[in-house]
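S.K.: My structure is below; once you've seen it, I'll send some questions.
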Amino acid sequence: MYEYDWSSIPGALPYLWEGMKVSLEITFVAIVAGIVWGTLLAMMRLSNLGPLSWFAAGYVNLFRSVPLVMVLLWFFLIVPQFLRAVLGLDPTTDTRLASAMVGFALFEAAYYSEIIRAGIQSVPKGQVAAAYALGMTYGQAMRLVILPQAFRNMVPLLLTQAIILFQDTSLVYVSALADFFGAAYKVGERDGRLVELLLFAGAVYFVICYSASYVVKRLHQGNGS
Amino acid sequence: MNYNWNWGIFLAQVPTGETTYLGWLLSGLQMTVMLSLSAWVLALALGSIVGVLRTVPVKWLAGFAAAYVELFRNIPLLVQLFIWYFVLPEILPGGTAFKQINPVAQQFLASMVCLAFFTSARVAEQVRAGINSLPRGQKNAGLALGFTLPQTYRHVMVPMAFRIIVPPLTSEFLNIFKNSAVCSTIGLLELAAQGRQLVDYTAQAYESFIAVTVLYLLINMVVMAVMRQVEKRTRVPGYIGAK
Amino acid sequence: MISIKNVSKWYGAFQVLKDCSTEIQKGEVVVVCGPSGSGKSTLIKCVNALEPFQQGDIVVNGISVADAKTNLPRLRARVGMVFQHFELFPHMTITENLTIAQTKVLGRSKEEATQKGLKLLDRVGLKAHADKYPGQLSGGQQQRVAIARALSMDPICMLFDEPTSALDPEMINEVLDVMVELAHEGMTMMVVTHEMGFARKVAHRVIFMDQGRIVEDAKKEEFFGTPRSERAQLFLSKILHH
Amino acid sequence: MISIKNVSKWYGAFQVLKDCSTEIQKGEVVVVCGPSGSGKSTLIKCVNALEPFQQGDIVVNGISVADAKTNLPRLRARVGMVFQHFELFPHMTITENLTIAQTKVLGRSKEEATQKGLKLLDRVGLKAHADKYPGQLSGGQQQRVAIARALSMDPICMLFDEPTSALDPEMINEVLDVMVELAHEGMTMMVVTHEMGFARKVAHRVIFMDQGRIVEDAKKEEFFGTPRSERAQLFLSKILHH
Amino acid sequence: AVVAAPAYAQELTGTLKKIKDTNTISLGHRESSIPFSYYDDKQQVVGYSHEIMLKVVDAIKQELKLPNLQIKLIPVTSQNRIPLVQNGTVDIECGSTTNNTERQKQVAFSNTIFIIGTRLLTRKDSGIKDFPDLAGKTVVTTAGTTSERLIRKMNEEKQMKMNIISAKDHGESFLTLETGRAVAFMMDDALLYGEIAKARKPGDWQVVGTPQSREAYGCMMRKDDPQFKKIVDATIAKLQTSGEINALYNKWFMSPVPPKGLNLNFPMSDDMKALHNNPNDKAYE
Ligand SMILES: Nc1ncnc2c1ncn2[C@@H]1O[C@H](COP(=O)(O)OP(=O)(O)OP(=O)(O)O)[C@@H](O)[C@H]1O
Ligand SMILES: Nc1ncnc2c1ncn2[C@@H]1O[C@H](COP(=O)(O)OP(=O)(O)OP(=O)(O)O)[C@@H](O)[C@H]1O
Ligand SMILES: [Mg+2]
Ligand SMILES: [Mg+2]
């Protein structure tokens, strides 16, 4: 029988909290940027202009084909150089967090755009017709009538995706950026207590994600009635 | 950037001499495909059962199914894999015997079971959504014809629900290939791990990343093509969309 | 044939059915009408136990629906039901829709079931569509198939829940015609509908419901002559005048 | 007021409208009827350019709908439209539904718009529901709000696409009553409907469509007296007889 | 008149120029390579290699006359360390990176800072004394290391019918050994002593077997930058020939180290003593 030794955890809590902050930061930025860019992609995808719609379709398919780990690796290796070249950054600026955020945001946008596209399509076609019939322009119809309803329908799916994203931040280990999982793993490895630290991490993830999905469910029920 | 490109590296012999580096990548590809397909079959079976149970009017069954889904989708895959491989054999009665079998078989089994359970929770949610999206009258129509509840599920609701959820299932199917990359962390030599090994042995990082990315894209294209056929085959004439 | 005895039903705290009682004889055609939300659908679904109820009892052909020992699938197999939205199985051809319950529930052979199904399909005038899928038929045609499907089980009585209200106006009659014919053949029928023309033509009795209660239960002639409740008068004036 | 000139429209290879022409004078009420899929909705949507068409032209109040230079939103703002499924905006209160287009499209002040909206709401008998959401009203009430919403833009004419066919039978009349009143006040109206009682009461002309073509276009008295086409006779017999 | 330090009279180029221009040097370090380069419990980078790297920084400060040189610490992994050196994110990495000929095609290595031998970690009661005892047994090693190559080759050449598990990192390798999946863990001896120190019961474990290879750890730098390499090599050579290195060695390998006060008890090998007498940047193999 395995002898558990949890003594590493208390001392590591500040470090783990730093990791949790990185996880939350990345999640937050990727959600906000992902939804904005995803909305634009979804509108391009639904537009009548061939090239725009093809571009959006190609983008979404490309990002959905490659494992997130590979995307992050690419971003970690290429984006810093690119940023440096474009912005003339100091070569030693730590771009790991920025490149992870960019990578996640671009990747998640592909998923969000599919959710948002479905959300827009879930609004009855008659609503667009009604908005137009009242003399609204395309922009007004989208902003005042379609998107508010679409987002309302999508809230549960958007949040579910956010929970997945939060779990996936553990993949930033490829850039040695210590998110919550990475921090737990590193402490575990350093102290030879991997099993304990990962069980602890798993429990924390479960509590956070379960609470979040409970809230999502509540919201959904509130919506449905 | 001072990087030495060397695409010929794929045809070079590996240090132990039994194959080329390309051979490594291909064996990784094979492992990824085998692992993902077997896990998918299991996930589909488990997910269908759990998804159906979530909709049945028996409280404790539906509750069990809900707990199952919450458990497997709220813990990161990486952590689950670690638990299946390192923690459970220490706790479960058959664990010692399991640890004595061939190491590759151990890694494969743990990975497969882990991916299958993780994915099954997601499949179950899709199945549930599919069943719930059917008009309520369908269940009543089945019952009114004298079908028992299981017969109604078997002949009326499940076949139609599955047709409706082919597109989201396609996403999950693609995800299982991508998620299998995580299994390299317990030493299973699948595609991503072989790619990494290639970097370790040759230091030709970019060639390796590009090759691995291309192979994943290839898998993706094949899966999409297959699922498009499935969608075509199962399409119901005259039936427009799920709504 | 069908006797409904003091049935009450609640959804949570909300009472949908309030002490409903009535009796339907063999060969009788009873039309149920009333405002939206008055509990018509709920009542008719209670008859073949698609909805459970908390008080009272319903006895169909001598078998109690509320009795826990009753084999409900077997009972339901003998009671035909037609829904507002047809509820054909979209992934099966018309023939499969007509035969699946015959083979899986009654245990008939495939040939026997197909033969029976096609005969009924012919009867509702749709023989040519045997190999199509429901989605390829118009609403009126789908509803006629749904009636044929119910008949394929050799039901002892038929329940209809607003069978024409989801149809385009010009298709209503093709469905009503089939139902009129059925009534003339002596089928026991309980029909929720607002088609008062149909009621006038074939009903023996009309039941009027309001807020979960059976407010009127009268011979057709009496009902259309002098409905006793004010609510029923108002309702009739509303749906007949336009 | 509205003149439709040789309009043809295709969905891909399928021709929905075939060389349709008609003229609606100021103050005239025209009812459009015909079998399902005959192109009635498509035609009426072409009038305010909700559907584009490939041939012909429609001129509303002197402005060509087909002209690329026409400011379509401005044109549509002057043409009221009422839909089969109401299409109120579910995320806004009734008052917001009534004011949003007035403020955002016509640029009226919030107070002015609210005052106007509430006056119209009163007119359709729903003043008490100003702060509810559409989902909290019955179908008939929602449709009356939809009519008020269209009127709030001070339209020069009104288009109705089967305004009562999604309603429960008892609610049809409350909507028709509002429409009859509008007609009596001299509003120019183009109404797709199967309510022949309404047509009889207020229509000046009846247009009958079949397979994308305007088959009959006659004074009301002529139409109900002796419809010339066989198809129209058949159709009338089908929808009137039950 | 020009006042010039004789060794660096020529114009600055490459990394040194970049350091001078930006007044910053980026150091690549590891996060859990005990005791070479890792985080202590205050999240400070510490370790034997790290201290050597800091000595190099001191030398650069002096040579370039940059008393306020900014130090940027960048954690690297075994996977990304080479690309990071190449693309300029990291100027120099001192951790536990083996100097070998393949890597020399991508990066340059400094004078050797440590020499390890690849040996076996096993339970004291396992009966494993040396490599031949492994025949037919399961052995674990860490993916991507020289040990992995060696053990695979040995298996192939001597037909030993071993099962070889390649774990992702040393932590998992040791876990594999600890949970009884493998009878031995083949790895660099220094790291094996580190794993013993971390173990729940250090007394259960021992390092055995004839060293299968020797490996030289060096610091990584960008290729073709002789000016920079010269100053790094000179610093390391001076450390070793002056004997200053002995104190450093004792601090990290013969005394308790953070975070838990573990003592590796890993005496200096003859190879290391030889190296200190004769500093060089040669790769073994
Ligand atoms: N599953 C349910 N949960 C809660 N309330 C319900 C449920 N189903 C029906 N009701 C309510 O029960 C009442 C009766 O419903 P029912 O469908 O029987 O009415 P109905 O007379 O058939 O009306 P309609 O003409 O609209 O079909 C309604 O007020 C309805 O809102
Ligand atoms: N977006 C579309 N794409 C292709 N065909 C369409 C589209 N919209 C309508 N149609 C077809 O055009 C024809 C006319 O449709 P329309 O909705 O105008 O008929 P309608 O007379 O209003 O019928 P209903 O009484 O059912 O409302 C129908 O055959 C319909 O299938
Ligand atoms: Mg009903
Ligand atoms: Mg229409």
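We name chains A, B, ... following the order of the structure tokens; residues begin at 1 in each chain, and ligands are numbered from 1 as shown.
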Quick one: residues within 9 Å of Val187 of chain A, only C-alpha atoms counted, chain neighbours fewer than 2 positions away excluded, as a list in words?

M.R.: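 Everything that qualifies: Ser8, Ile9, Ala12, Tyr15, Leu16, Gly182, Ala183, Ala184, Tyr185, Glu189, Arg190, Asp191, Gly192, Arg193, Leu194 and Leu197 of chain A; Ser32, Tyr39 and Asp41 of chain E.
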
S.K.: Fewer than 4 positions away in the same chain doesn't count, so skip those; otherwise give me all residues within 10 Å of Arg54 of chain B, counting only C-alpha atoms, as a VMD selection string.

M.R.: chain B and resid 48 to 50 58 to 69 124 to 125 127 to 129 131

S.K.: Please, could you write that set of residues out with N, CA and C atoms as an mmCIF file, in the first residue's frame?

M.R.:
```
data_model
loop_
_atom_site.group_PDB
_atom_site.id
_atom_site.type_symbol
_atom_site.label_atom_id
_atom_site.label_comp_id
_atom_site.auth_asym_id
_atom_site.auth_seq_id
_atom_site.Cartn_x
_atom_site.Cartn_y
_atom_site.Cartn_z
ATOM 1 N N SER B 48 -23.326 6.075 -24.753
ATOM 2 C CA SER B 48 -24.712 5.864 -25.163
ATOM 3 C C SER B 48 -25.535 5.381 -23.980
ATOM 4 N N ILE B 49 -24.985 4.421 -23.251
ATOM 5 C CA ILE B 49 -25.733 3.878 -22.107
ATOM 6 C C ILE B 49 -25.985 4.973 -21.074
ATOM 7 N N VAL B 50 -24.916 5.686 -20.718
ATOM 8 C CA VAL B 50 -25.057 6.716 -19.686
ATOM 9 C C VAL B 50 -25.985 7.835 -20.164
ATOM 10 N N VAL B 58 -36.343 7.150 -14.117
ATOM 11 C CA VAL B 58 -36.051 6.424 -12.879
ATOM 12 C C VAL B 58 -35.006 7.248 -12.148
ATOM 13 N N LYS B 59 -35.392 7.813 -11.004
ATOM 14 C CA LYS B 59 -34.556 8.823 -10.349
ATOM 15 C C LYS B 59 -33.136 8.366 -10.087
ATOM 16 N N TRP B 60 -32.986 7.167 -9.477
ATOM 17 C CA TRP B 60 -31.626 6.800 -9.051
ATOM 18 C C TRP B 60 -30.740 6.493 -10.242
ATOM 19 N N LEU B 61 -31.309 5.944 -11.308
ATOM 20 C CA LEU B 61 -30.508 5.686 -12.514
ATOM 21 C C LEU B 61 -30.043 6.997 -13.144
ATOM 22 N N ALA B 62 -30.986 7.928 -13.279
ATOM 23 C CA ALA B 62 -30.639 9.221 -13.857
ATOM 24 C C ALA B 62 -29.613 9.936 -12.974
ATOM 25 N N GLY B 63 -29.756 9.787 -11.656
ATOM 26 C CA GLY B 63 -28.819 10.413 -10.732
ATOM 27 C C GLY B 63 -27.434 9.812 -10.856
ATOM 28 N N PHE B 64 -27.376 8.491 -10.961
ATOM 29 C CA PHE B 64 -26.090 7.820 -11.142
ATOM 30 C C PHE B 64 -25.422 8.327 -12.421
ATOM 31 N N ALA B 65 -26.197 8.396 -13.491
ATOM 32 C CA ALA B 65 -25.640 8.825 -14.773
ATOM 33 C C ALA B 65 -25.131 10.260 -14.686
ATOM 34 N N ALA B 66 -25.875 11.107 -13.965
ATOM 35 C CA ALA B 66 -25.449 12.505 -13.833
ATOM 36 C C ALA B 66 -24.130 12.587 -13.067
ATOM 37 N N ALA B 67 -24.019 11.804 -11.992
ATOM 38 C CA ALA B 67 -22.785 11.812 -11.206
ATOM 39 C C ALA B 67 -21.607 11.344 -12.058
ATOM 40 N N TYR B 68 -21.834 10.316 -12.847
ATOM 41 C CA TYR B 68 -20.806 9.783 -13.751
ATOM 42 C C TYR B 68 -20.278 10.883 -14.653
ATOM 43 N N VAL B 69 -21.214 11.605 -15.281
ATOM 44 C CA VAL B 69 -20.817 12.665 -16.213
ATOM 45 C C VAL B 69 -20.030 13.750 -15.501
ATOM 46 N N ALA B 124 -22.054 11.097 -23.653
ATOM 47 C CA ALA B 124 -23.324 10.958 -22.929
ATOM 48 C C ALA B 124 -24.115 12.258 -22.971
ATOM 49 N N GLU B 125 -23.418 13.387 -22.823
ATOM 50 C CA GLU B 125 -24.124 14.666 -22.878
ATOM 51 C C GLU B 125 -24.744 14.899 -24.252
ATOM 52 N N VAL B 127 -25.666 12.534 -26.374
ATOM 53 C CA VAL B 127 -26.786 11.599 -26.541
ATOM 54 C C VAL B 127 -28.012 12.133 -25.799
ATOM 55 N N ARG B 128 -27.780 12.620 -24.603
ATOM 56 C CA ARG B 128 -28.887 13.169 -23.839
ATOM 57 C C ARG B 128 -29.521 14.348 -24.587
ATOM 58 N N ALA B 129 -28.656 15.250 -25.085
ATOM 59 C CA ALA B 129 -29.186 16.406 -25.803
ATOM 60 C C ALA B 129 -29.981 15.950 -27.023
ATOM 61 N N ILE B 131 -31.581 13.093 -27.474
ATOM 62 C CA ILE B 131 -32.866 12.520 -27.073
ATOM 63 C C ILE B 131 -33.826 13.627 -26.645
#
```

S.K.: Measure the distance from atom CA of Ala184 of chain E to atom CA of Pro267 of chain E in Å and round it to one decimal.

M.R.: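 Going from atom CA of Ala184 of chain E over to atom CA of Pro267 of chain E covers 21.7 Å.
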
S.K.: Which residues of chain C have any atom within 7 Å of an atom in ligand 1 when counting only C-alpha atoms and all ligand atoms, and what is the closest pair of atoms for each, with the distance in Å to one decimal? Order the rows by chain and rising number and write it as JSON lines.

M.R.:
```
{"residue": "C:Tyr11", "atom": "CA", "partner": "ligand 1", "partner_atom_place_in_ligand_line": "4 (C)", "distance": 5.0}
{"residue": "C:Val16", "atom": "CA", "partner": "ligand 1", "partner_atom_place_in_ligand_line": "12 (O)", "distance": 5.0}
{"residue": "C:Gly34", "atom": "CA", "partner": "ligand 1", "partner_atom_place_in_ligand_line": "21 (O)", "distance": 6.6}
{"residue": "C:Pro35", "atom": "CA", "partner": "ligand 1", "partner_atom_place_in_ligand_line": "25 (O)", "distance": 6.0}
{"residue": "C:Ser36", "atom": "CA", "partner": "ligand 1", "partner_atom_place_in_ligand_line": "25 (O)", "distance": 3.5}
{"residue": "C:Gly37", "atom": "CA", "partner": "ligand 1", "partner_atom_place_in_ligand_line": "19 (O)", "distance": 3.4}
{"residue": "C:Ser38", "atom": "CA", "partner": "ligand 1", "partner_atom_place_in_ligand_line": "21 (O)", "distance": 3.9}
{"residue": "C:Gly39", "atom": "CA", "partner": "ligand 1", "partner_atom_place_in_ligand_line": "18 (O)", "distance": 3.2}
{"residue": "C:Lys40", "atom": "CA", "partner": "ligand 1", "partner_atom_place_in_ligand_line": "21 (O)", "distance": 3.8}
{"residue": "C:Ser41", "atom": "CA", "partner": "ligand 1", "partner_atom_place_in_ligand_line": "22 (O)", "distance": 3.6}
{"residue": "C:Thr42", "atom": "CA", "partner": "ligand 1", "partner_atom_place_in_ligand_line": "18 (O)", "distance": 3.7}
{"residue": "C:Leu43", "atom": "CA", "partner": "ligand 1", "partner_atom_place_in_ligand_line": "18 (O)", "distance": 6.5}
{"residue": "C:Gly212", "atom": "CA", "partner": "ligand 1", "partner_atom_place_in_ligand_line": "14 (C)", "distance": 7.0}
```

S.K.: So that I can see what lies close to Arg117 of chain A, please list as a list of chain:residue names the residues with an atom at most 9 Å from it, counting only C-alpha atoms and leaving out residues fewer than 4 positions away in the same chain.

M.R.: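 My list of contacting residues is A:Gly38, A:Thr39, A:Leu41, A:Ala42, A:Met43, A:Arg45, A:Leu46, A:Tyr112, A:Ser113, A:Gln121, A:Ser122, A:Ala150.
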